[in-house]
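final14.txt, holding compact mmCIF, C-alpha atoms:
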# COMPACT_ATOMS: atom_id res chain seq x y z
CA MET F 402 0.00 0.00 0.00
CA LEU F 403 2.73 2.42 1.01
CA PHE F 404 4.81 1.45 -2.02
CA LEU F 405 1.86 1.97 -4.40
CA GLU F 406 1.09 5.28 -2.77
CA MET F 407 4.66 6.47 -3.19
CA LEU F 408 4.65 5.39 -6.83
CA LEU F 409 1.42 7.29 -7.41
CA LEU F 410 2.80 10.38 -5.66
CA ILE F 411 5.99 10.28 -7.73
CA GLY F 412 3.91 9.94 -10.91
CA LEU F 413 1.60 12.82 -9.99
CA GLY F 414 4.54 14.96 -8.95
CA TRP F 415 6.29 14.33 -12.25
CA TYR F 416 3.08 15.19 -14.13
CA GLY F 417 2.73 18.44 -12.20
CA ILE F 418 6.36 19.50 -12.52
CA ARG F 419 6.50 19.29 -16.31
CA GLU F 420 4.94 22.64 -17.11
CA PRO F 421 7.09 24.93 -14.92
CA LEU F 422 10.16 22.90 -15.91
CA LYS F 423 9.40 23.30 -19.62
CA LYS F 424 8.56 26.99 -19.33
CA LYS F 425 11.46 27.61 -16.92
CA TRP F 426 9.30 29.26 -14.26
CA LYS F 427 11.83 29.13 -11.44
CA ARG F 428 9.71 30.48 -8.60
CA ASP F 429 6.71 28.33 -9.54
CA LEU F 430 8.94 25.26 -9.72
CA ILE F 431 10.39 25.84 -6.26
CA VAL F 432 7.01 26.50 -4.66
CA PHE F 433 5.49 23.48 -6.39
CA ILE F 434 8.28 21.20 -5.15
CA VAL F 435 8.15 22.53 -1.58
CA LEU F 436 4.35 22.34 -1.31
CA TYR F 437 4.25 18.94 -3.00
CA LEU F 438 6.97 17.48 -0.76
CA LEU F 439 5.21 18.82 2.34
CA ALA F 440 1.88 17.30 1.33
CA ALA F 441 3.40 14.00 0.19
CA SER F 442 5.46 13.63 3.38
CA ILE F 443 2.38 14.17 5.59
CA LEU F 444 0.44 11.61 3.55
CA VAL F 445 3.22 9.04 3.54
CA THR F 446 4.01 9.35 7.26
CA ARG F 447 0.32 9.00 8.08
CA THR F 448 -0.02 5.92 5.87
CA ALA F 449 3.10 4.47 7.48
CA GLY F 450 1.32 4.71 10.82
CA ILE F 451 3.45 7.45 12.30
CA GLN F 452 1.34 9.48 14.70
CA LEU F 453 1.11 13.14 13.77
CA PRO F 454 -0.50 15.87 15.92
CA TYR F 455 -4.13 16.73 15.23
CA LEU F 456 -4.72 20.19 13.78
CA MET F 457 -7.68 21.12 15.95
CA ASP F 458 -5.84 20.07 19.13
CA MET F 459 -3.16 22.60 18.24
CA VAL F 460 -5.76 25.26 17.41
CA GLU F 461 -7.56 24.61 20.69
CA ALA F 462 -4.31 24.83 22.67
CA PHE F 463 -3.51 28.11 20.90
CA VAL F 464 -6.94 29.58 21.51
CA LYS F 465 -7.03 28.51 25.16
CA GLY F 466 -3.54 29.85 25.73
CA ALA F 467 -4.02 33.09 23.83
CA LEU F 468 -7.43 33.92 25.23
CA ARG F 469 -6.84 32.21 28.60
CA LEU F 470 -10.18 30.54 28.34
CA SER F 471 -11.47 27.34 29.80
CA ILE F 472 -13.62 26.07 26.99
CA ASP F 473 -14.99 22.55 27.05
CA MET A 187 -3.40 41.20 -9.50
CA GLN A 188 -5.94 39.10 -11.41
CA LEU A 189 -4.98 35.56 -12.11
CA GLU A 190 -7.50 34.66 -14.77
CA LYS A 191 -9.66 36.10 -17.52
CA GLY A 192 -12.85 34.30 -16.42
CA ARG A 193 -15.75 36.48 -15.24
CA PHE A 194 -19.19 35.82 -13.82
CA SER A 195 -22.33 37.91 -13.50
CA SER A 196 -23.70 39.43 -10.32
CA LEU A 197 -26.70 37.10 -10.58
CA GLU A 198 -24.30 34.17 -10.30
CA LEU A 199 -22.76 35.99 -7.34
CA LEU A 200 -26.17 35.95 -5.64
CA PHE A 201 -26.29 32.16 -5.80
CA LEU A 202 -22.60 31.84 -4.96
CA VAL A 203 -23.14 33.81 -1.75
CA ALA A 204 -26.26 31.81 -0.91
CA GLY A 205 -24.47 28.55 -1.73
CA LEU A 206 -21.55 29.40 0.54
CA MET A 207 -23.91 30.09 3.42
CA GLN A 208 -26.06 27.04 2.71
CA GLY A 209 -22.90 24.92 2.83
CA SER A 210 -22.98 25.46 6.60
CA ILE A 211 -26.48 24.07 7.03
CA TYR A 212 -25.33 20.60 7.95
CA VAL A 213 -23.06 22.00 10.68
CA SER A 214 -25.90 24.07 12.11
CA THR A 215 -26.15 21.23 14.65
CA TYR A 216 -23.47 23.05 16.63
CA THR A 217 -26.01 25.59 17.80
CA PHE A 218 -29.03 23.33 18.30
CA SER A 219 -27.34 21.81 21.34
CA ASN A 220 -27.32 25.30 22.92
CA THR A 221 -30.61 26.76 21.70
CA PRO A 222 -32.92 23.96 20.53
CA ARG A 223 -36.01 26.16 20.86
CA ASP A 224 -34.57 29.58 20.15
CA GLU A 225 -32.39 28.85 17.16
CA TRP A 226 -34.54 31.17 15.00
CA LEU A 227 -33.95 33.96 17.51
CA ALA A 228 -30.18 33.38 17.49
CA LEU A 229 -30.28 33.47 13.66
CA LEU A 230 -32.18 36.77 13.56
CA ILE A 231 -29.82 38.36 16.12
CA SER A 232 -26.80 37.08 14.17
CA TRP A 233 -28.23 38.42 10.91
CA SER A 234 -28.67 41.89 12.41
CA ILE A 235 -25.15 41.83 13.90
CA PHE A 236 -23.62 40.54 10.67
CA LEU A 237 -25.22 42.98 8.19
CA PRO A 238 -22.81 45.85 8.98
CA PHE A 239 -19.91 43.44 8.58
CA ALA A 240 -21.25 42.29 5.20
CA LEU A 241 -21.44 45.93 4.13
CA MET A 242 -17.89 46.43 5.39
CA TYR A 243 -16.60 43.44 3.33
CA LEU A 244 -18.31 44.86 0.27
CA LYS A 245 -17.03 48.40 0.78
CA LEU A 246 -13.49 47.11 1.21
CA SER A 247 -13.82 45.21 -2.04
CA GLU A 248 -15.36 48.21 -3.84
CA LYS A 249 -12.58 50.48 -2.63
CA TYR A 250 -9.98 48.19 -4.22
CA PRO A 251 -11.97 46.84 -7.19
CA GLY A 252 -9.30 44.88 -9.02
CA ASP A 253 -7.68 43.42 -5.92
CA SER A 254 -8.33 40.24 -4.03
CA LEU A 255 -7.64 39.79 -0.32
CA VAL A 256 -3.86 39.60 -0.75
CA GLY A 257 -3.80 42.76 -2.88
CA ILE A 258 -5.98 44.60 -0.35
CA HIS A 259 -3.64 43.67 2.50
CA ASP A 260 -0.64 44.83 0.48
CA LYS A 261 -2.25 48.20 -0.21
CA VAL A 262 -3.58 48.76 3.30
CA TYR A 263 -0.74 47.46 5.47
CA GLY A 264 2.19 47.89 3.10
CA GLY A 265 4.56 45.26 1.71
CA LEU A 266 5.88 43.19 4.64
CA ALA A 267 2.98 43.45 7.10
CA GLY A 268 0.49 42.82 4.31
CA LYS A 269 2.36 39.71 3.17
CA ILE A 270 2.59 38.35 6.74
CA LEU A 271 -1.13 38.88 7.29
CA SER A 272 -1.95 37.29 3.92
CA ALA A 273 0.25 34.31 4.89
CA VAL A 274 -1.74 33.93 8.13
CA TYR A 275 -4.94 34.03 6.09
CA CYS A 276 -3.60 31.37 3.70
CA MET A 277 -2.91 29.12 6.73
CA TYR A 278 -6.41 29.83 8.00
CA PHE A 279 -7.95 28.98 4.62
CA ILE A 280 -5.99 25.71 4.43
CA ILE A 281 -7.11 24.60 7.90
CA SER A 282 -10.68 25.75 7.25
CA SER A 283 -10.71 23.87 3.94
CA ALA A 284 -9.44 20.71 5.65
CA MET A 285 -12.20 20.99 8.28
CA ASN A 286 -14.84 21.64 5.67
CA PHE A 287 -13.71 18.70 3.55
CA ARG A 288 -13.88 16.49 6.62
CA PHE A 289 -17.45 17.43 7.53
CA PRO A 290 -19.30 15.94 4.52
CA SER A 291 -16.94 12.95 4.43
CA ALA A 292 -17.54 12.19 8.12
CA PHE A 293 -21.25 12.92 7.67
CA LEU A 294 -21.57 10.27 4.95
CA THR A 295 -19.53 7.78 6.94
CA ILE A 296 -21.41 8.22 10.19
CA ASN A 297 -24.93 8.41 8.76
CA PHE A 298 -24.95 6.14 5.74
CA MET A 299 -21.83 4.09 5.07
CA ILE A 300 -20.34 3.14 8.41
CA ALA A 301 -17.73 0.69 7.16
CA THR A 302 -16.31 3.10 4.56
CA PRO A 303 -13.31 5.12 5.78
CA VAL A 304 -13.62 8.90 5.84
CA ILE A 305 -10.70 9.38 3.47
CA ALA A 306 -12.52 7.52 0.69
CA PHE A 307 -15.15 10.27 0.50
CA ALA A 308 -12.58 12.99 1.14
CA PHE A 309 -10.53 11.70 -1.81
CA PHE A 310 -13.43 12.09 -4.24
CA LEU A 311 -14.42 15.49 -2.90
CA VAL A 312 -10.86 16.78 -3.21
CA ALA A 313 -10.41 15.24 -6.67
CA LEU A 314 -13.65 16.89 -7.87
CA CYS A 315 -12.54 20.29 -6.55
CA LEU A 316 -9.16 19.81 -8.23
CA PHE A 317 -10.86 19.08 -11.54
CA ALA A 318 -13.34 21.97 -11.24
CA THR A 319 -10.64 24.56 -10.54
CA THR A 320 -8.07 23.38 -13.08
CA ALA A 321 -10.51 22.65 -15.91
CA GLY A 322 -12.91 25.51 -15.19
CA GLY A 323 -11.78 28.31 -12.95
CA VAL A 324 -13.86 30.96 -11.21
CA GLU A 325 -16.55 30.98 -13.88
CA THR A 326 -17.21 27.26 -13.32
CA VAL A 327 -17.24 27.74 -9.55
CA ALA A 328 -19.79 30.55 -9.82
CA ARG A 329 -21.98 28.78 -12.35
CA LEU A 330 -22.63 25.80 -10.06
CA GLY A 331 -24.23 28.02 -7.43
CA ILE A 332 -27.58 28.38 -9.20
CA PHE A 333 -28.41 24.66 -9.23
CA ASN A 334 -27.09 24.25 -5.70
CA SER A 335 -29.07 27.07 -4.03
CA VAL A 336 -32.34 26.49 -5.84
CA ALA A 337 -32.20 22.74 -5.13
CA VAL A 338 -31.57 23.26 -1.41
CA VAL A 339 -34.36 25.81 -0.98
CA ALA A 340 -36.79 23.71 -3.04
CA SER A 341 -36.04 20.59 -1.00
CA LEU A 342 -36.38 22.52 2.27
CA LEU A 343 -39.79 23.82 1.18
CA LEU A 344 -40.81 20.31 0.14
CA TYR A 345 -39.84 18.94 3.54
CA LEU A 346 -41.68 21.81 5.21
CA VAL A 347 -44.85 20.82 3.39
CA LEU A 348 -44.37 17.11 4.17
CA LEU A 349 -43.60 17.76 7.85
CA ILE A 350 -46.51 20.13 8.53
CA PRO A 351 -48.46 17.34 10.34
CA LYS A 352 -45.49 16.83 12.67
CA ILE A 353 -44.80 20.49 13.46
CA GLU A 354 -46.09 21.51 16.87
CA LEU A 355 -46.19 25.21 17.62
CA PRO A 356 -45.86 24.68 21.44
CA HIS A 357 -42.28 23.53 20.68
CA PHE A 358 -41.39 27.17 20.06
CA PHE A 359 -42.57 28.30 23.51
CA PRO A 360 -41.63 29.70 25.91
CA ILE A 361 -39.60 32.20 23.93
CA LEU A 362 -36.44 33.65 25.47
CA ASP A 363 -36.42 30.97 28.15
CA VAL A 364 -32.79 30.24 27.40
CA PRO A 365 -29.72 31.15 29.49
CA PRO A 366 -28.17 34.31 27.98
CA LYS A 367 -24.76 32.61 27.88
CA LYS A 368 -26.09 29.84 25.61
CA LEU A 369 -27.87 32.32 23.35
CA LEU A 370 -24.68 34.37 23.13
CA HIS A 371 -22.69 31.22 22.34
CA SER A 372 -25.09 30.35 19.51
CA VAL A 373 -25.00 33.90 18.15
CA HIS A 374 -21.18 33.80 18.32
CA ILE A 375 -21.00 30.55 16.35
CA ILE A 376 -23.57 31.60 13.73
CA THR A 377 -22.11 35.06 13.16
CA SER A 378 -18.45 34.08 13.04
CA GLU A 379 -18.62 30.64 11.41
CA TYR A 380 -21.71 30.53 9.20
CA MET A 381 -21.96 34.15 8.12
CA GLY A 382 -18.41 35.42 8.64
CA GLU A 383 -17.15 33.04 5.98
CA LEU A 384 -18.49 35.45 3.37
CA PHE A 385 -15.24 37.33 3.92
CA VAL A 386 -13.47 34.69 1.82
CA LEU A 387 -15.41 36.01 -1.19
CA SER A 388 -13.13 39.07 -1.16
CA SER A 389 -10.84 36.96 -3.35
CA ILE A 390 -13.65 36.25 -5.83
CA LEU A 391 -15.43 39.64 -6.01
CA PRO A 392 -12.85 41.15 -8.43
CA TYR A 393 -14.09 38.69 -11.07
CA VAL A 394 -17.71 39.95 -11.11
CA SER A 395 -18.45 41.42 -14.54
CA ASP A 396 -21.45 43.73 -13.92
CA ARG A 397 -20.47 45.72 -10.86
CA ASN A 398 -23.51 48.03 -10.85
CA LEU A 399 -25.72 45.22 -9.48
CA LEU A 400 -23.04 43.72 -7.25
CA ARG A 401 -24.26 45.23 -3.98
CA LYS A 402 -27.93 44.36 -4.49
CA ASN A 403 -27.23 40.76 -5.50
CA TYR A 404 -24.69 40.31 -2.70
CA PHE A 405 -27.30 41.19 -0.08
CA ARG A 406 -29.95 39.18 -1.88
CA GLY A 407 -27.62 36.19 -1.68
CA ILE A 408 -27.16 36.76 2.06
CA SER A 409 -30.94 36.97 2.46
CA LEU A 410 -31.41 33.72 0.54
CA GLY A 411 -28.78 32.00 2.68
CA ASN A 412 -30.35 33.25 5.90
CA PHE A 413 -33.80 32.26 4.67
CA SER A 414 -32.49 28.69 4.23
CA PHE A 415 -31.13 28.72 7.79
CA LEU A 416 -34.42 30.04 9.15
CA LEU A 417 -36.31 27.28 7.32
CA VAL A 418 -34.02 24.68 8.88
CA ALA A 419 -34.46 26.23 12.34
CA PHE A 420 -38.24 26.32 11.93
CA LEU A 421 -38.35 22.70 10.76
CA VAL A 422 -36.08 21.28 13.44
CA THR A 423 -37.59 23.24 16.34
CA GLY A 424 -41.14 22.65 15.15
CA VAL A 425 -40.69 18.90 14.82
CA LEU A 426 -38.23 18.06 17.58
CA GLY A 427 -38.47 20.93 20.06
CA ASN A 428 -36.11 20.45 23.00
CA GLU A 429 -35.10 17.02 21.73
CA ALA A 430 -33.04 18.76 19.06
CA ALA A 431 -30.39 19.33 21.75
CA ILE A 432 -29.73 15.63 22.28
CA PHE A 433 -29.28 14.57 18.66
CA THR A 434 -25.94 14.72 16.89
CA GLY A 435 -27.73 15.49 13.64
CA PRO A 436 -31.14 17.03 14.44
CA LEU A 437 -31.76 17.95 10.81
CA VAL A 438 -31.19 14.36 9.68
CA GLU A 439 -33.50 13.12 12.44
CA THR A 440 -36.17 15.64 11.42
CA THR A 441 -36.12 14.57 7.79
CA ARG A 442 -36.28 10.90 8.87
CA LEU A 443 -39.72 11.56 10.36
CA VAL A 444 -41.35 12.28 7.00
CA GLU A 445 -44.34 10.06 6.42
CA VAL A 446 -46.18 9.90 3.13
CA MET A 447 -49.60 8.16 3.23
CA ASN A 448 -48.81 6.96 6.78
CA ILE A 449 -45.74 5.13 5.55
CA ASN A 450 -42.29 6.13 6.71
CA ALA A 451 -41.00 7.29 3.37
CA ARG A 452 -37.25 7.36 4.18
CA ILE A 453 -36.83 10.15 1.71
CA GLU A 454 -34.26 11.88 3.86
CA PHE A 455 -31.75 10.61 1.30
CA VAL A 456 -33.05 13.21 -1.14
CA PHE A 457 -32.37 16.09 1.19
CA MET A 458 -29.09 14.61 2.43
CA GLY A 459 -28.01 14.35 -1.20
CA PHE A 460 -28.62 18.06 -1.70
CA LEU A 461 -26.86 18.83 1.60
CA ILE A 462 -23.79 16.94 0.44
CA ILE A 463 -23.84 18.85 -2.85
CA THR A 464 -24.07 22.15 -1.02
CA ALA A 465 -21.29 21.08 1.35
CA PHE A 466 -19.18 20.19 -1.69
CA TYR A 467 -19.91 23.62 -3.16
CA LYS A 468 -18.66 25.32 0.00
CA CYS A 469 -15.52 23.15 -0.12
CA LEU A 470 -15.02 24.11 -3.77
CA ILE A 471 -15.25 27.84 -3.02
CA LEU A 472 -12.82 27.53 -0.09
CA PHE A 473 -10.45 25.44 -2.21
CA TYR A 474 -10.47 28.02 -5.01
CA VAL A 475 -9.97 30.93 -2.59
CA THR A 476 -7.06 29.13 -0.89
CA LEU A 477 -5.50 28.40 -4.25
CA VAL A 478 -5.66 31.96 -5.60
CA SER A 479 -4.56 33.43 -2.26
CA ILE A 480 -1.40 31.29 -2.13
CA THR A 481 -0.69 31.98 -5.81
CA GLU A 482 -1.05 35.75 -5.37
CA LEU A 483 0.90 35.82 -2.13
CA LEU A 484 3.89 34.11 -3.74
CA ALA A 485 3.47 36.09 -7.01
CA LEU A 486 3.29 32.95 -9.12
CA ARG A 487 2.28 32.80 -12.76
CA SER A 488 -0.55 30.30 -12.73
CA TYR A 489 -2.80 29.05 -9.97
CA LYS A 490 -3.76 25.87 -11.85
CA LEU A 491 -0.30 24.44 -11.29
CA PHE A 492 -0.73 24.48 -7.51
CA ALA A 493 -4.11 22.85 -7.44
CA LEU A 494 -2.41 19.43 -7.33
CA PRO A 495 -0.10 19.97 -4.31
CA LEU A 496 -2.77 21.97 -2.50
CA SER A 497 -5.35 19.24 -3.00
CA LEU A 498 -2.81 16.70 -1.73
CA LEU A 499 -2.08 18.88 1.29
CA ILE A 500 -5.76 19.35 2.11
CA PHE A 501 -6.39 15.63 1.63
CA SER A 502 -3.58 14.85 4.08
CA LEU A 503 -4.89 17.37 6.57
CA VAL A 504 -8.44 15.96 6.38
CA MET A 505 -7.07 12.91 8.17
CA LEU A 506 -5.25 15.10 10.68
CA THR A 507 -8.06 17.50 11.52
CA ASN A 508 -9.49 15.57 14.37
CA GLU A 509 -9.53 12.20 16.00
CA ASN A 510 -13.24 11.57 15.41
CA GLY A 511 -16.59 13.16 14.65
CA PRO A 512 -17.55 14.37 18.15
CA ALA A 513 -14.09 15.93 18.53
CA THR A 514 -14.66 17.83 15.25
CA ALA A 515 -18.04 19.04 16.48
CA ALA A 516 -16.54 20.13 19.81
CA ALA A 517 -13.74 21.99 18.01
CA GLY A 518 -16.22 23.70 15.69
CA ARG A 519 -18.41 24.68 18.60
CA ASN A 520 -15.65 26.02 20.81
CA SER A 521 -12.14 26.91 19.68
CA TRP A 522 -12.83 27.40 15.96
CA ALA A 523 -15.54 29.97 16.71
CA PHE A 524 -12.89 32.20 18.33
CA VAL A 525 -10.46 31.74 15.46
CA SER A 526 -13.21 32.60 12.95
CA LEU A 527 -14.23 35.62 14.98
CA ILE A 528 -10.70 37.00 14.90
CA MET A 529 -9.89 36.13 11.29
CA LEU A 530 -13.25 36.87 9.66
CA MET A 531 -14.57 39.76 11.70
CA ILE A 532 -12.02 41.50 13.91
CA ILE A 533 -9.09 41.66 11.48
CA PRO A 534 -11.30 42.80 8.53
CA LEU A 535 -12.68 45.49 10.86
CA VAL A 536 -9.14 46.63 11.64
CA THR A 537 -8.27 46.51 7.91
CA SER A 538 -11.28 48.72 7.08
CA PHE A 539 -10.36 51.14 9.84
CA VAL A 540 -6.72 51.40 8.71
CA SER A 541 -7.87 51.86 5.10
CA LEU A 542 -10.21 54.68 6.17
CA MET A 543 -7.46 56.36 8.17
CA LYS A 544 -5.04 56.15 5.25
CA THR A 545 -7.63 57.74 2.93
CA ALA A 546 -8.39 60.48 5.47
CA PHE A 547 -4.68 61.26 5.98
CA ARG A 548 -4.12 61.32 2.22
CA LYS A 549 -6.98 63.81 1.78
CA THR A 550 -5.77 66.14 4.52
CA GLY A 551 -2.29 65.92 3.07
CA ARG A 552 -0.55 64.75 6.26

Represent the structure from my file as structure tokens, please.
Amino acid sequence: MLFLEMLLLIGLGWYGIREPLKKKWKRDLIVFIVLYLLAASILVTRTAGIQLPYLMDMVEAFVKGALRLSID
Amino acid sequence: MQLEKGRFSSLELLFLVAGLMQGSIYVSTYTFSNTPRDEWLALLISWSIFLPFALMYLKLSEKYPGDSLVGIHDKVYGGLAGKILSAVYCMYFIISSAMNFRFPSAFLTINFMIATPVIAFAFFLVALCLFATTAGGVETVARLGIFNSVAVVASLLLYLVLLIPKIELPHFFPILDVPPKKLLHSVHIITSEYMGELFVLSSILPYVSDRNLLRKNYFRGISLGNFSFLLVAFLVTGVLGNEAAIFTGPLVETTRLVEVMNINARIEFVFMGFLIITAFYKCLILFYVTLVSITELLALRSYKLFALPLSLLIFSLVMLTNENGPATAAAGRNSWAFVSLIMLMIIPLVTSFVSLMKTAFRKTGR
């Protein structure tokens, strides 16, 4: 499953990278690679079973801390 | 900076605005737990509080007609501060998109297909949004609103007619017999989460072609969206009364009670189908806005290129939003309401104020 997922991600990434590479859009290429690697790494680590922090837990901790609220 | 040549009419804007608001109908359960009987009152109070904010969003957009949110921040706050604020908004849009993609996926899993994982539905939703934005653009996004809004209102009216035998007017009484804190909580959630999300349309308003009818159709869209919410509140309170507070999905439970010719018709699937479509439409709008905001912020050439990594990022984050459904509901009811209040109401208020001050100083020559 993980192997197939990585193959699919590599294929999609290659498909997406062709246009900025052909047209030599440097900034677009860099941003595409960075964003794509970020997304792919989150997906792959999650599929591999590595526990990642939940978004809303972080948001709640931020809100509680910033506003010093006790919200349940 | 305008990223595409596509334009849409102000009539399509009307349905886009209504569609964005109607996309929150299925999460209106957040407030029924607080005000099962007085939801209609919370909606009317929220509407009256929100109208000046809606006017403020519009005025800000009219003052900078060719600019989206990122452009407005650059002009109001200057280069660096504007970019930092726009980056914060891009983060907010990404997290909001992930939450909104999770809602319909979890809804389908919990209510209809229990054995199917949430990511299966999220995958198709994200893939559809990816296709709609890359193949179509803003014109496609706007065009879908008409079918969406009309279908939702028509189905709500149909259910109203079918549920008339089950509506009991005593369920609405006594009025105002709700703790003020709970009413305030409901008003907070409705104003900041359901209505405040119209602020995201600042990135889409530059693409309206006929600007002379923009204001009228914008407010008509808000009225249509609020009318849909009021219909839902009337239906749920009239049928369930105080019991609406104990259900996870009071609207689903209400529609399950439809009986045609004394037979339980189980036609809630019809309405749930339209709710999913409207939820998808809201996800599509948020996806498009996130995409163009990131593209403008980083001064990139084409937004269509980034639809793929963004959709992958949002798909990954859908799994990381929350542990489970009740945790999502609790987050939406509590912490996210504060984040929305700050991002969608307080900061735009500050932006409008700073913009007004800048104009005033420019006129006096200081």

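Here the question is which of A:Leu477, A:Val525, A:Lys544, A:Ser232 gets nearest to Lys465 of chain F using only C-alpha atoms, and that residue is A:Val525.
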
Show me a table, sorted first by chain and then by increasing residue number, of the residues of chain A having an atom at most 9 Å from chain F, each with its shortest atom pair and the distance in Å to one decimal, counting all atoms listed in the file and written as a tab-separated table.
residue	atom	partner	partner_atom	distance
A:Ile281	CA	F:Leu456	CA	7.7
A:Met285	CA	F:Met457	CA	8.9
A:Leu484	CA	F:Val432	CA	8.3
A:Ala485	CA	F:Arg428	CA	8.5
A:Leu486	CA	F:Asp429	CA	5.8
A:Arg487	CA	F:Asp429	CA	7.1
A:Ser488	CA	F:Asp429	CA	8.2
A:Leu491	CA	F:Gly417	CA	6.8
A:Phe492	CA	F:Phe433	CA	6.4
A:Leu494	CA	F:Gly417	CA	7.1
A:Pro495	CA	F:Tyr437	CA	4.7
A:Leu496	CA	F:Leu436	CA	7.2
A:Ser497	CA	F:Ala440	CA	8.6
A:Leu498	CA	F:Ala440	CA	5.6
A:Leu499	CA	F:Ala440	CA	4.3
A:Ile500	CA	F:Ala440	CA	7.9
A:Phe501	CA	F:Leu444	CA	8.2
A:Ser502	CA	F:Leu444	CA	5.2
A:Leu503	CA	F:Leu456	CA	7.7
A:Met505	CA	F:Arg447	CA	8.4
A:Leu506	CA	F:Tyr455	CA	5.0
A:Thr507	CA	F:Leu456	CA	4.8
A:Asn508	CA	F:Tyr455	CA	5.6
A:Glu509	CA	F:Tyr455	CA	7.1
A:Ala513	CA	F:Met457	CA	8.6
A:Thr514	CA	F:Met457	CA	7.7
A:Ala516	CA	F:Asp473	CA	7.8
A:Ala517	CA	F:Met457	CA	6.5
A:Gly518	CA	F:Met457	CA	8.9
A:Asn520	CA	F:Ile472	CA	6.5
A:Ser521	CA	F:Glu461	CA	5.2
A:Trp522	CA	F:Val460	CA	7.5
A:Phe524	CA	F:Val464	CA	7.2
A:Val525	CA	F:Val464	CA	7.3

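Shell of Thr217 of chain A at 10 Å, with all atoms listed in the file counted and residues fewer than 6 places along the chain excluded, is Asp224, Glu225, Ala228, Leu229, Lys368, Leu369, His371, Ser372, Val373, His374, Ile375, Ile376, Ala430, Ala431 and Arg519 of chain A.
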
Could those residues be written to a file, using C-alpha atoms, as a PDB file, in the frame of the given file?
ATOM      1  CA  ASP A 224     -34.570  29.580  20.150  1.00  0.00           C
ATOM      2  CA  GLU A 225     -32.390  28.850  17.160  1.00  0.00           C
ATOM      3  CA  ALA A 228     -30.180  33.380  17.490  1.00  0.00           C
ATOM      4  CA  LEU A 229     -30.280  33.470  13.660  1.00  0.00           C
ATOM      5  CA  LYS A 368     -26.090  29.840  25.610  1.00  0.00           C
ATOM      6  CA  LEU A 369     -27.870  32.320  23.350  1.00  0.00           C
ATOM      7  CA  HIS A 371     -22.690  31.220  22.340  1.00  0.00           C
ATOM      8  CA  SER A 372     -25.090  30.350  19.510  1.00  0.00           C
ATOM      9  CA  VAL A 373     -25.000  33.900  18.150  1.00  0.00           C
ATOM     10  CA  HIS A 374     -21.180  33.800  18.320  1.00  0.00           C
ATOM     11  CA  ILE A 375     -21.000  30.550  16.350  1.00  0.00           C
ATOM     12  CA  ILE A 376     -23.570  31.600  13.730  1.00  0.00           C
ATOM     13  CA  ALA A 430     -33.040  18.760  19.060  1.00  0.00           C
ATOM     14  CA  ALA A 431     -30.390  19.330  21.750  1.00  0.00           C
ATOM     15  CA  ARG A 519     -18.410  24.680  18.600  1.00  0.00           C
TER      16      ARG A 519
END

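Candidate residues A:Ile361, A:Val446, A:Ala292, A:Val347 were compared for distance to Thr423 of chain A, and the nearest is A:Ile361, using only C-alpha atoms.
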
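Every protein or nucleic acid residue with an atom no more than 10 Å from segment 299-310 of chain A, counting all atoms listed in the file and leaving out same-chain residues fewer than 2 positions away, appears here: Ala284, Phe287, Arg288, Phe289, Pro290, Ser291, Ala292, Phe293, Leu294, Thr295, Ile296, Asn297, Val312, Ala313, Leu314, Cys315, Leu316, Ser497, Leu498, Ile500, Phe501, Ser502, Val504, Met505 and Asn510 of chain A.
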
Identify the residues around (-39.4, 34.5, 14.0) within a radius of 12 Å, measuring from only C-alpha atoms in the coordinates stated by the file, and give them as a list in words. Arg223, Asp224, Glu225, Trp226, Leu227, Ala228, Leu229, Leu230, Ile231, Phe358, Phe359, Ile361, Leu362, Phe413, Phe415, Leu416, Leu417, Ala419, Phe420 and Thr423 of chain A

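Coordinates place atom CA of Leu206 of chain A at a distance of 16.4 Å from atom CA of Leu342 of chain A.
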
Selection: 8 Å around Leu527 of chain A, only C-alpha atoms, excl. self and same-chain fewer than 2 positions, as a count of residues only: 11

How would segment 429-435 of chain F read, as a PDB file, keeping the file's coordinate frame, once N, CA and C atoms are built in?
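Produced file selection_36.pdb, reproduced below:
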ATOM      1  N   ASP F 429       7.822  29.293  -9.561  1.00  0.00           N
ATOM      2  CA  ASP F 429       6.710  28.330  -9.540  1.00  0.00           C
ATOM      3  C   ASP F 429       7.214  26.922  -9.264  1.00  0.00           C
ATOM      4  N   LEU F 430       8.362  26.597  -9.877  1.00  0.00           N
ATOM      5  CA  LEU F 430       8.940  25.260  -9.720  1.00  0.00           C
ATOM      6  C   LEU F 430       9.312  25.013  -8.263  1.00  0.00           C
ATOM      7  N   ILE F 431       9.963  25.999  -7.663  1.00  0.00           N
ATOM      8  CA  ILE F 431      10.390  25.840  -6.260  1.00  0.00           C
ATOM      9  C   ILE F 431       9.191  25.677  -5.355  1.00  0.00           C
ATOM     10  N   VAL F 432       8.198  26.557  -5.531  1.00  0.00           N
ATOM     11  CA  VAL F 432       7.010  26.500  -4.660  1.00  0.00           C
ATOM     12  C   VAL F 432       6.275  25.185  -4.856  1.00  0.00           C
ATOM     13  N   PHE F 433       6.162  24.756  -6.107  1.00  0.00           N
ATOM     14  CA  PHE F 433       5.490  23.480  -6.390  1.00  0.00           C
ATOM     15  C   PHE F 433       6.191  22.344  -5.662  1.00  0.00           C
ATOM     16  N   ILE F 434       7.522  22.297  -5.776  1.00  0.00           N
ATOM     17  CA  ILE F 434       8.280  21.200  -5.150  1.00  0.00           C
ATOM     18  C   ILE F 434       8.119  21.230  -3.638  1.00  0.00           C
ATOM     19  N   VAL F 435       8.236  22.418  -3.052  1.00  0.00           N
ATOM     20  CA  VAL F 435       8.150  22.530  -1.580  1.00  0.00           C
ATOM     21  C   VAL F 435       6.760  22.095  -1.097  1.00  0.00           C
TER      22      VAL F 435
END
